[in-house]
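Notes follow the structure.
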Amino acid sequence: MTDTPSETSLVTRTRPVEAGGAIVAAHFLGRDAVFVLGEESLLFVAPDGAQHRTAAHDGGILSSASDGKVIVTGGDDGKIVATNDKGISQTLAADEKGRWIDHVAAGPDGAVAWSAGKMVFARTSKGGVKSAGVPSSAGGLAFAPKGLRIAIAHYNGVSLWFPNAVAKPEFLEWKGVHYSPSISPDGKFVVTCMQEAMLHGWRIADAKHMRMSGYSARVRSLAWTRDGAFLATGGSEQVILWPFSGKDGPMGKQPRLLAPYSSRCVVVACHPKQDVVAAGFSDGMVLLVRTTDAAEILARRPGDAPVTALAFSADGNTLAFGCDDGAAGLIDLT
Amino acid sequence: MPSTPSEKIPVTVLTGYLGAGKTTLLNRILSEPHGKKYAVIVNEFGEIGIDNDLIINADEEVFEMNNGCICCTVRGDLIRIIEGLMRRKGKFDAIIVETTGLADPAPVAQTFFVDEEVGAKTKLDAVVTVADAKWLKDRLKDAPEAKNQIAFADVILLNKTDLVSADELADVEARIRGINPYAKLHKTQRSQIALEEVLGRNAFDLDRILEIEPTFLEEGDGHHHHDHDHGGHHHHDHGGLKHYHDEDMQSLSLKSEKPMNPEKFLPWVQDLVATEGQKILRSKGIIAFRDDPDRFVFQGVHMMLEGDHQRAWQDGEKRESRLVFIGRNLPEKKIREGFAACVM
């Protein structure tokens with residue numbers, strides 16, 4: 001294939017951004033791309049390239065999540081901060097012991113969850129805060145798409161917690177260390193990344209196990225395709241998609257292996273409207289991959305540092321990427 | 001900036017039984033005017049008397065891995081905290097992990113082998129064990145943790161020497177040497193020591209596995225000499241000092257002047273740690289392979305091994321293979337025979 005930028009590459013349609021510090025996540029608030037930096041700030045970049053920064057934390061930013069209206073961040077300053085599309089930050093809560101806020105999640109109707117060690121908290125938009133303890137430090141949090149239900153990954157399994165219910169969280173067991181839970185868009189499956197190079201999943205209705213292995217490293221990024229038909233994952237020298245359209249999830253089916261490459265895929269993001277996955281690699285390259293026919297388009301050439309963040313705008317017209325060395329950019333997909 | 005191996009942040013693990021003087025040493029490290037900044041992960045909160053904005057309190061969380069290796073455990077809290085600390089890289093020069101008095105150092109060390117991200121951004125520098133000269137002897141009898149901490153150590157501070165007589169001191173030192181003759185041992189009072197003796201040791205750096213000799217040979221303390229395999233140049237005056245063999249924890253040193261067969265040695269050592277790794281706390285080796293111009297070096301913690309070709313053997317350097325195992329109830333006969341079978 002000849003490398004004709006106008007046809008096969010989006011590199012020329014990129015507005016480069018220099019964040020001035022390691023980027024740990026990217027989100028969109030309206031049309032603005034927002035890069036979460038490793039320390040203190042969020043960097044807003046408007047479609048015309050105008051930038052402004054908001055200082056959200058006094059120290060490291062350990063986690064972030066967004067519902068499209070605000071970005072919720074947790075810091076090593078013990079604070080949970082919500083930042084809106086105007087760049088105004090509000091401290092939602094501060095840990096009474098100043099513990100690190102290891103994980104945050106953004107849920108339906110403005111609900112927010114966070115964890116500090118073994119304690120997990122949930123706050124509804126009305127402001128009430130509920131808490132629950134888990135047996136070991138939470139390795140990640142995720143809201144179910146509907147209702148106030150939170151998956152908490154921890155040692156030896158995942159707990160499903162209804163903050164408004166009196167009952168103890170439901171416990172789905174699987175030996176080992178679990179991180180980064182994710183509930184499928186239809187609410188039927190929960191998947192975690194394990195310390196080992198594999199995923200584990202459960203069908204929530206009957207706790208049936210799903211083991212997904214074959215990775216070359218610990219998986220650190222998961223994303224559901226727009227229709228929930230596939231779970232796209234990093235953690236290998238290709239993009240791995242597990243089929244979730246059937247009632248048994250990926251069991252008994254082969255995963256799809258797309259975009260084989262010499263470096264490891266470390267971040268994935270799914271296009272909100274098309275069958276396209278964005279894949280960020282450890283050498284800094286970004287590819288767009290069409291899941292229907294595995295066609296690839298180069299979005300960013302390899303750089304000096306791993307890609308650490310990818311996000312599509314809600315309309316799917318812009319892809320934001322950010323890297324460990326602060327290099328970032330907005331790619332026009334229209 | 002892309003992080004290169006040279007930028008890896010060193011991590012020092014500070015262990016020691018309760019009351020041995022760990023916290024005193026830690027306060028000393030933090031308060032001396034060395035111009036360096038340390039991030040400190042502590043498990044017994046409230047004892048640190050020094051202002052430091054990077055003190056992180058954590059519960060020790062020992063997690064078993066699902067990798068088919070029965071004794072493979074990691075410290076989940078360390079994975080989480082080191083990942084978080086890396087958000088602020090550039091704000092500190094090194095990390096110090098203070099363990100509880102009852103902690104086993106193995107899960108801490110294994111964390112650096114198991115977690116790729118932790119291993120890529122930080123490096124284990126050394127396990128430093130503070131021991132109480134007066135009470136260690138008793139703890140070695142009643143607390144397996146205390147014995148593990150001595151066996152695992154790269155550096156041992158035999159502390160509170162002012163509270164014991166010269167005879168008692170010689171006795172406890174001999175007991176330490178009966179378990180671990182390879183650690184650097186310093187006799188201290190109130191944990192007073194030059195910081196370069198405990199920090200920046202590179203004890204887990206394969207490139208620093210230059211010589212494997214019991215360190216007391218260079219200290220000139222006149223200890224009993226365990227390894228009778230040596231050539232004639234290491235004879236020591238026993239000076240009437242006692243010589244203890246700990247009944248369950250010991251070290252085993254192997255040596256060969258004939259080249260090893262790599263097709264036999266590598267499978268043998270891998271199989272050895274796979275089958276006996278629960279007993280083997282630490283292992284180190286420098287190997288001279290047949291027809292190989294380079295020294296092969298390896299080190300391990302329980303069932304985990306890492307090894308590499310290090311550098312060329314130099315002219316005039318004796319091409320000699322040496323291995324050291326420190327462990328509990330080591331199957332000495334099996335190890336010696338297995339090793340002998342790998343010699344060409």
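Naming scheme: A, B, ... for chains in displayed order of the structure tokens; residues 1 onward per chain; ligands 1 onward as shown.
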
**Request:** Please identify every residue of chain A that has at least one atom no more than 6 Å from any atom of chain B, counting only C-alpha atoms, and report them as a PyMOL selection string.
**Result:** chain A and resi 38+60+62+176+305+325

Write the selection just made, keeping N, CA, C and O atoms, as a JSON list (two decimals), in the first residue's frame?
```json
[["chain", "number", "residue", "atom", "x", "y", "z"],
["A", 38, "GLY", "N", -1.13, 14.41, 34.74],
["A", 38, "GLY", "CA", -0.74, 13.62, 35.90],
["A", 38, "GLY", "C", -0.73, 14.42, 37.18],
["A", 38, "GLY", "O", -0.93, 13.88, 38.27],
["A", 60, "GLY", "N", -1.00, 14.98, 42.66],
["A", 60, "GLY", "CA", -1.21, 14.06, 41.55],
["A", 60, "GLY", "C", -2.69, 13.77, 41.33],
["A", 60, "GLY", "O", -3.48, 13.75, 42.26],
["A", 62, "LEU", "N", -5.07, 10.94, 40.28],
["A", 62, "LEU", "CA", -4.95, 9.49, 40.22],
["A", 62, "LEU", "C", -5.97, 8.84, 39.32],
["A", 62, "LEU", "O", -5.76, 7.75, 38.82],
["A", 176, "GLY", "N", -7.68, -14.10, 42.47],
["A", 176, "GLY", "CA", -6.69, -13.25, 41.82],
["A", 176, "GLY", "C", -6.98, -11.77, 42.04],
["A", 176, "GLY", "O", -7.93, -11.40, 42.73],
["A", 305, "ALA", "N", 6.84, 8.61, 23.08],
["A", 305, "ALA", "CA", 6.33, 8.04, 24.33],
["A", 305, "ALA", "C", 5.03, 7.29, 24.05],
["A", 305, "ALA", "O", 4.38, 7.53, 23.04],
["A", 325, "ASP", "N", 4.45, 11.73, 27.36],
["A", 325, "ASP", "CA", 5.41, 12.83, 27.37],
["A", 325, "ASP", "C", 4.73, 14.19, 27.19],
["A", 325, "ASP", "O", 5.40, 15.20, 27.03]]
```

**Prompt:** Got a sec: who's within 12 Å of Glu96 of chain A, counting only C-alpha atoms, leaving out chain neighbours fewer than 5 positions off, as JSON, numbers by chain?
**Reply:** {"A": [77, 78, 79, 80, 101, 116, 119]}

With N, CA and C atoms retained, export the selected residues as a PDB file, in the first residue's frame.
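Dumped to again.pdb:
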```
ATOM      1  N   ASP A  77      -4.442  14.379  46.896  1.00  0.00           N
ATOM      2  CA  ASP A  77      -4.766  15.360  47.932  1.00  0.00           C
ATOM      3  C   ASP A  77      -6.029  14.959  48.702  1.00  0.00           C
ATOM      4  N   GLY A  78      -6.589  13.793  48.367  1.00  0.00           N
ATOM      5  CA  GLY A  78      -7.763  13.308  49.091  1.00  0.00           C
ATOM      6  C   GLY A  78      -9.069  13.918  48.623  1.00  0.00           C
ATOM      7  N   LYS A  79      -9.045  14.644  47.497  1.00  0.00           N
ATOM      8  CA  LYS A  79     -10.257  15.337  47.048  1.00  0.00           C
ATOM      9  C   LYS A  79     -10.882  14.679  45.831  1.00  0.00           C
ATOM     10  N   ILE A  80     -12.198  14.818  45.764  1.00  0.00           N
ATOM     11  CA  ILE A  80     -12.960  14.415  44.593  1.00  0.00           C
ATOM     12  C   ILE A  80     -13.500  15.712  44.004  1.00  0.00           C
ATOM     13  N   ILE A 101      -7.475   9.286  46.664  1.00  0.00           N
ATOM     14  CA  ILE A 101      -8.688   8.847  45.970  1.00  0.00           C
ATOM     15  C   ILE A 101      -8.206   8.033  44.764  1.00  0.00           C
ATOM     16  N   ALA A 116     -11.234   5.032  48.288  1.00  0.00           N
ATOM     17  CA  ALA A 116      -9.976   5.339  48.972  1.00  0.00           C
ATOM     18  C   ALA A 116      -9.608   4.054  49.710  1.00  0.00           C
ATOM     19  N   MET A 119     -12.418   1.550  51.138  1.00  0.00           N
ATOM     20  CA  MET A 119     -13.721   2.197  51.281  1.00  0.00           C
ATOM     21  C   MET A 119     -14.181   2.741  49.933  1.00  0.00           C
TER      22      MET A 119
END
```

**Prompt:** Between B:Ala103, B:Leu330, B:Ile156, B:Leu199, which is the closest to Lys36 of chain B once you count only C-alpha atoms?
**Reply:**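 For Lys36 of chain B, the nearest of the candidates is B:Leu199.
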
**Asked** Excluding same-chain residues fewer than 2 positions from Arg282 of chain B, what lies within 8 Å of it counting only C-alpha atoms, as a list of chain:residue names?
**Response**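 The neighbour list is B:Phe152, B:Ile280, B:Lys284, B:Gln299, B:Gly300, B:Val301, B:His302, B:Phe325, B:Ile326, B:Gly327.
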
**Message:** If I take atom CA of Ile331 of chain A and atom CA of Asp67 of chain A, how far is one from the other in Å, to one decimal?
**Reply:**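 Computing it gives 21.5 Å between the two atoms.
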
**Item:** Two-atom distance - atom CA of Gly140 of chain A, atom CA of Leu14 of chain B (Å)
**Value:**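 A separation of 29.0 Å between them.
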
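Taking only C-alpha atoms, the non-local environment of segment 196-204 of chain A within 7 Å (same-chain residues fewer than 3 positions away omitted) comprises Lys188, Phe189, Val190, Val191, Thr192, Cys193, Ala207, Lys208, His209, Met210, Arg211, Met212, Ser213, Gly214, Tyr215, Ser216, Ala217, Arg218 and Val219 of chain A; Asn66 of chain B.
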
For the residues in that selection, give me all heavy atoms as a short mmCIF file (atom, residue, chain, number, x, y, z; two decimals), in the first residue's frame.
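Output file result19.cif follows:
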```cif
data_model
loop_
_atom_site.label_atom_id
_atom_site.label_comp_id
_atom_site.auth_asym_id
_atom_site.auth_seq_id
_atom_site.Cartn_x
_atom_site.Cartn_y
_atom_site.Cartn_z
N LYS A 188 -25.65 -6.88 31.09
CA LYS A 188 -25.69 -8.33 31.35
C LYS A 188 -24.37 -8.90 31.83
O LYS A 188 -24.34 -9.96 32.43
CB LYS A 188 -26.10 -9.05 30.07
CG LYS A 188 -27.58 -8.88 29.76
CD LYS A 188 -27.95 -9.66 28.52
CE LYS A 188 -29.41 -9.46 28.19
NZ LYS A 188 -29.71 -9.80 26.80
N PHE A 189 -23.26 -8.25 31.50
CA PHE A 189 -21.95 -8.81 31.80
C PHE A 189 -21.10 -7.80 32.55
O PHE A 189 -21.22 -6.59 32.35
CB PHE A 189 -21.21 -9.18 30.50
CG PHE A 189 -21.95 -10.16 29.64
CD1 PHE A 189 -22.70 -9.73 28.55
CD2 PHE A 189 -21.90 -11.53 29.91
CE1 PHE A 189 -23.38 -10.62 27.75
CE2 PHE A 189 -22.58 -12.44 29.11
CZ PHE A 189 -23.33 -11.98 28.03
N VAL A 190 -20.22 -8.33 33.41
CA VAL A 190 -19.19 -7.48 34.00
C VAL A 190 -17.84 -8.13 33.72
O VAL A 190 -17.71 -9.36 33.81
CB VAL A 190 -19.44 -7.22 35.52
CG1 VAL A 190 -19.48 -8.51 36.32
CG2 VAL A 190 -18.36 -6.30 36.09
N VAL A 191 -16.88 -7.31 33.35
CA VAL A 191 -15.54 -7.80 32.97
C VAL A 191 -14.51 -7.04 33.78
O VAL A 191 -14.66 -5.83 34.00
CB VAL A 191 -15.30 -7.57 31.45
CG1 VAL A 191 -13.90 -8.01 31.06
CG2 VAL A 191 -16.35 -8.29 30.62
N THR A 192 -13.48 -7.75 34.24
CA THR A 192 -12.37 -7.07 34.92
C THR A 192 -11.06 -7.40 34.22
O THR A 192 -10.94 -8.42 33.55
CB THR A 192 -12.23 -7.51 36.39
OG1 THR A 192 -11.95 -8.92 36.42
CG2 THR A 192 -13.49 -7.23 37.19
N CYS A 193 -10.07 -6.53 34.42
CA CYS A 193 -8.71 -6.80 33.99
C CYS A 193 -7.99 -7.41 35.19
O CYS A 193 -8.09 -6.89 36.30
CB CYS A 193 -7.99 -5.51 33.61
SG CYS A 193 -8.81 -4.58 32.32
N ALA A 207 -23.81 -15.51 37.42
CA ALA A 207 -22.40 -15.54 37.85
C ALA A 207 -21.56 -16.55 37.03
O ALA A 207 -20.54 -17.02 37.50
CB ALA A 207 -22.27 -15.83 39.35
N LYS A 208 -22.01 -16.86 35.84
CA LYS A 208 -21.24 -17.77 34.99
C LYS A 208 -19.93 -17.10 34.56
O LYS A 208 -19.90 -15.93 34.19
CB LYS A 208 -22.08 -18.11 33.75
CG LYS A 208 -21.49 -19.25 32.96
CD LYS A 208 -22.43 -19.64 31.82
CE LYS A 208 -21.72 -20.70 31.00
NZ LYS A 208 -22.44 -21.06 29.80
N HIS A 209 -18.85 -17.90 34.66
CA HIS A 209 -17.52 -17.33 34.41
C HIS A 209 -17.17 -17.24 32.93
O HIS A 209 -17.58 -18.08 32.14
CB HIS A 209 -16.45 -18.20 35.09
CG HIS A 209 -16.52 -18.15 36.57
ND1 HIS A 209 -16.17 -17.04 37.29
CD2 HIS A 209 -16.93 -19.07 37.47
CE1 HIS A 209 -16.35 -17.28 38.58
NE2 HIS A 209 -16.82 -18.50 38.71
N MET A 210 -16.35 -16.24 32.62
CA MET A 210 -15.81 -16.10 31.27
C MET A 210 -14.33 -15.76 31.43
O MET A 210 -13.99 -14.75 32.05
CB MET A 210 -16.50 -14.96 30.54
CG MET A 210 -18.00 -15.15 30.40
SD MET A 210 -18.77 -13.75 29.58
CE MET A 210 -18.82 -12.57 30.91
N ARG A 211 -13.48 -16.62 30.91
CA ARG A 211 -12.05 -16.33 30.97
C ARG A 211 -11.59 -15.88 29.59
O ARG A 211 -11.88 -16.52 28.60
CB ARG A 211 -11.27 -17.58 31.37
CG ARG A 211 -11.66 -18.10 32.72
CD ARG A 211 -10.89 -19.34 33.05
NE ARG A 211 -9.47 -19.03 33.25
CZ ARG A 211 -8.58 -19.93 33.66
NH1 ARG A 211 -8.94 -21.17 33.86
NH2 ARG A 211 -7.32 -19.57 33.84
N MET A 212 -10.88 -14.79 29.56
CA MET A 212 -10.39 -14.26 28.29
C MET A 212 -8.89 -14.03 28.42
O MET A 212 -8.46 -13.11 29.09
CB MET A 212 -11.13 -12.95 27.96
CG MET A 212 -12.60 -13.18 27.60
SD MET A 212 -13.58 -11.67 27.75
CE MET A 212 -14.14 -11.83 29.45
N SER A 213 -8.13 -14.91 27.80
CA SER A 213 -6.68 -14.84 27.96
C SER A 213 -6.00 -14.79 26.60
O SER A 213 -6.66 -14.76 25.56
CB SER A 213 -6.18 -16.02 28.78
OG SER A 213 -6.56 -17.22 28.15
N GLY A 214 -4.67 -14.79 26.61
CA GLY A 214 -3.90 -14.72 25.37
C GLY A 214 -3.18 -13.39 25.20
O GLY A 214 -2.57 -13.14 24.17
N TYR A 215 -3.23 -12.55 26.22
CA TYR A 215 -2.57 -11.25 26.13
C TYR A 215 -1.08 -11.36 26.43
O TYR A 215 -0.63 -12.32 27.06
CB TYR A 215 -3.21 -10.28 27.13
CG TYR A 215 -4.63 -9.92 26.78
CD1 TYR A 215 -5.70 -10.64 27.30
CD2 TYR A 215 -4.90 -8.89 25.90
CE1 TYR A 215 -7.01 -10.33 26.97
CE2 TYR A 215 -6.19 -8.56 25.56
CZ TYR A 215 -7.25 -9.28 26.09
OH TYR A 215 -8.53 -8.96 25.75
N SER A 216 -0.34 -10.35 26.00
CA SER A 216 1.09 -10.35 26.28
C SER A 216 1.41 -9.52 27.52
O SER A 216 2.54 -9.50 27.98
CB SER A 216 1.88 -9.81 25.08
OG SER A 216 1.55 -8.46 24.85
N ALA A 217 0.43 -8.81 28.06
CA ALA A 217 0.67 -7.95 29.22
C ALA A 217 -0.64 -7.75 29.97
O ALA A 217 -1.71 -8.12 29.48
CB ALA A 217 1.23 -6.60 28.79
N ARG A 218 -0.52 -7.15 31.14
CA ARG A 218 -1.72 -6.79 31.90
C ARG A 218 -2.54 -5.82 31.04
O ARG A 218 -2.01 -4.85 30.50
CB ARG A 218 -1.27 -6.11 33.20
CG ARG A 218 -2.40 -5.70 34.11
CD ARG A 218 -1.84 -5.11 35.41
NE ARG A 218 -2.67 -4.01 35.87
CZ ARG A 218 -2.34 -3.18 36.86
NH1 ARG A 218 -1.18 -3.31 37.48
NH2 ARG A 218 -3.15 -2.22 37.22
N VAL A 219 -3.83 -6.10 30.93
CA VAL A 219 -4.70 -5.25 30.11
C VAL A 219 -5.06 -4.01 30.92
O VAL A 219 -5.44 -4.11 32.09
CB VAL A 219 -5.99 -6.02 29.70
CG1 VAL A 219 -6.86 -5.16 28.81
CG2 VAL A 219 -5.62 -7.33 29.01
N ASN B 66 -2.16 -15.76 40.11
CA ASN B 66 -2.78 -16.91 39.46
C ASN B 66 -1.90 -17.46 38.35
O ASN B 66 -2.38 -17.87 37.32
CB ASN B 66 -4.08 -16.46 38.80
CG ASN B 66 -5.27 -16.86 39.62
OD1 ASN B 66 -5.19 -17.79 40.40
ND2 ASN B 66 -6.37 -16.17 39.45
#
```

**Message:** What's the separation between atom CA of Ala153 of chain B and atom CA of Ile335 of chain B, in Å to one decimal place?
**Reply:**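 Separating atom CA of Ala153 of chain B from atom CA of Ile335 of chain B is a distance of 22.2 Å.
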
May I have the residues within 12 Å of segment 252-257 of chain A as a PDB file with C-alpha atoms, in the first residue's frame, using only C-alpha atoms and disregarding those fewer than 5 positions away in the same chain?
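Now in result_1.pdb:
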```pdb
ATOM      1  CA  MET A 210     -15.809 -16.099  31.271  1.00  0.00           C
ATOM      2  CA  ARG A 211     -12.045 -16.331  30.966  1.00  0.00           C
ATOM      3  CA  MET A 212     -10.394 -14.260  28.287  1.00  0.00           C
ATOM      4  CA  SER A 213      -6.681 -14.840  27.958  1.00  0.00           C
ATOM      5  CA  GLY A 214      -3.902 -14.716  25.373  1.00  0.00           C
ATOM      6  CA  TYR A 215      -2.573 -11.246  26.133  1.00  0.00           C
ATOM      7  CA  ALA A 229     -21.443  -6.117  20.240  1.00  0.00           C
ATOM      8  CA  PHE A 230     -17.726  -6.174  21.029  1.00  0.00           C
ATOM      9  CA  LEU A 231     -15.390  -5.404  23.899  1.00  0.00           C
ATOM     10  CA  ALA A 232     -12.243  -3.848  22.449  1.00  0.00           C
ATOM     11  CA  THR A 233      -9.081  -4.289  24.503  1.00  0.00           C
ATOM     12  CA  GLY A 234      -5.403  -3.376  24.587  1.00  0.00           C
ATOM     13  CA  GLY A 235      -2.723  -5.519  26.216  1.00  0.00           C
ATOM     14  CA  SER A 236      -1.399  -7.210  23.108  1.00  0.00           C
ATOM     15  CA  GLU A 237       0.472  -6.461  19.886  1.00  0.00           C
ATOM     16  CA  GLN A 238      -2.904  -6.041  18.186  1.00  0.00           C
ATOM     17  CA  VAL A 239      -6.393  -4.921  19.083  1.00  0.00           C
ATOM     18  CA  ILE A 240      -8.429  -7.783  20.531  1.00  0.00           C
ATOM     19  CA  LEU A 241     -12.237  -7.678  20.269  1.00  0.00           C
ATOM     20  CA  TRP A 242     -14.331 -10.139  22.237  1.00  0.00           C
ATOM     21  CA  PRO A 243     -17.808 -10.782  20.826  1.00  0.00           C
ATOM     22  CA  PHE A 244     -20.560 -10.077  23.368  1.00  0.00           C
ATOM     23  CA  SER A 245     -23.661 -10.144  21.204  1.00  0.00           C
ATOM     24  CA  GLY A 246     -24.774 -13.660  22.209  1.00  0.00           C
ATOM     25  CA  LYS A 247     -26.206 -14.704  25.548  1.00  0.00           C
ATOM     26  CA  CYS A 265      -1.707  -1.636  21.979  1.00  0.00           C
ATOM     27  CA  VAL A 289      -9.524   0.390  12.764  1.00  0.00           C
ATOM     28  CA  ARG A 290     -12.871  -0.483  11.215  1.00  0.00           C
ATOM     29  CA  THR A 291     -14.256  -3.538  12.993  1.00  0.00           C
ATOM     30  CA  THR A 292     -16.312  -4.711  10.001  1.00  0.00           C
ATOM     31  CA  ASP A 293     -13.433  -5.201   7.560  1.00  0.00           C
ATOM     32  CA  ALA A 294     -10.270  -4.537   9.650  1.00  0.00           C
TER      33      ALA A 294
END
```

**Request:** Do a neighbour search on Lys147 of chain B at 12 Å with only C-alpha atoms, toss out local chain neighbours closer than 6 positions, and write the hits as JSON, numbers by chain.
**Result:** {"B": [15, 16, 17, 101, 102, 103, 104, 105, 129, 130, 131, 136, 137, 138, 139, 140, 141, 153, 175, 176, 177, 178, 179, 180, 246, 247, 248, 249, 250, 281, 326, 327, 328]}

**Message:** List as an MDAnalysis selection string the protein and nucleic acid residues near Val34 of chain A, meaning an atom at most 8 Å away when only C-alpha atoms are counted, but skip any in the same chain fewer than 4 places from it.
**Reply:** chainID A and resid 26:29 42:45

**Message:** Ranking A:Val268, A:Ala82, A:Ala55, A:Val120 by minimum distance to Val70 of chain A and counting only C-alpha atoms, which one comes first?
**Reply:**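 So, comparing all the options, the nearest one is A:Ala82.
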
Please identify which residues in segment 14-48 of chain B DSSP calls alpha helix (DSSP H) from the backbone, and express them as an mmCIF file with N, CA, C and O atoms, in the first residue's frame.
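Heads up, here's the output in result_22.cif:
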```cif
data_model
loop_
_atom_site.group_PDB
_atom_site.id
_atom_site.type_symbol
_atom_site.label_atom_id
_atom_site.label_comp_id
_atom_site.auth_asym_id
_atom_site.auth_seq_id
_atom_site.Cartn_x
_atom_site.Cartn_y
_atom_site.Cartn_z
ATOM 1 N N LYS B 22 13.820 0.519 63.086
ATOM 2 C CA LYS B 22 13.475 0.889 61.715
ATOM 3 C C LYS B 22 13.059 2.348 61.599
ATOM 4 O O LYS B 22 13.515 3.070 60.716
ATOM 5 N N THR B 23 12.151 2.740 62.482
ATOM 6 C CA THR B 23 11.619 4.096 62.387
ATOM 7 C C THR B 23 12.697 5.124 62.690
ATOM 8 O O THR B 23 12.735 6.198 62.087
ATOM 9 N N THR B 24 13.597 4.781 63.622
ATOM 10 C CA THR B 24 14.716 5.684 63.913
ATOM 11 C C THR B 24 15.578 5.865 62.665
ATOM 12 O O THR B 24 15.975 6.978 62.317
ATOM 13 N N LEU B 25 15.839 4.761 61.967
ATOM 14 C CA LEU B 25 16.621 4.845 60.737
ATOM 15 C C LEU B 25 15.890 5.689 59.693
ATOM 16 O O LEU B 25 16.488 6.536 59.031
ATOM 17 N N LEU B 26 14.586 5.467 59.587
ATOM 18 C CA LEU B 26 13.800 6.208 58.611
ATOM 19 C C LEU B 26 13.820 7.704 58.925
ATOM 20 O O LEU B 26 14.048 8.533 58.030
ATOM 21 N N ASN B 27 13.634 8.044 60.178
ATOM 22 C CA ASN B 27 13.690 9.459 60.561
ATOM 23 C C ASN B 27 15.054 10.052 60.260
ATOM 24 O O ASN B 27 15.179 11.212 59.855
ATOM 25 N N ARG B 28 16.086 9.257 60.450
ATOM 26 C CA ARG B 28 17.439 9.707 60.162
ATOM 27 C C ARG B 28 17.604 9.982 58.659
ATOM 28 O O ARG B 28 18.150 10.999 58.254
ATOM 29 N N ILE B 29 17.104 9.062 57.850
ATOM 30 C CA ILE B 29 17.204 9.227 56.401
ATOM 31 C C ILE B 29 16.486 10.501 55.968
ATOM 32 O O ILE B 29 16.972 11.270 55.146
ATOM 33 N N LEU B 30 15.323 10.746 56.562
ATOM 34 C CA LEU B 30 14.516 11.887 56.130
ATOM 35 C C LEU B 30 15.050 13.212 56.656
ATOM 36 O O LEU B 30 14.806 14.260 56.068
ATOM 37 N N SER B 31 15.779 13.185 57.766
ATOM 38 C CA SER B 31 16.157 14.463 58.373
ATOM 39 C C SER B 31 17.582 14.881 58.045
ATOM 40 O O SER B 31 17.939 16.032 58.241
#
```

**Message:** From the options A:Trp224, A:Tyr179, A:Phe121, A:Phe321, which residue's atoms come nearest to Pro163 of chain A, counting only C-alpha atoms?
**Reply:**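 Going through A:Trp224, A:Tyr179, A:Phe121, A:Phe321 one by one, the smallest distance to Pro163 of chain A is for A:Phe121.
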
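The closest residue to Pro135 of chain A, picked from A:Gly322, A:Gly75, A:Gly303, A:Pro169 and counting only C-alpha atoms, is A:Pro169.
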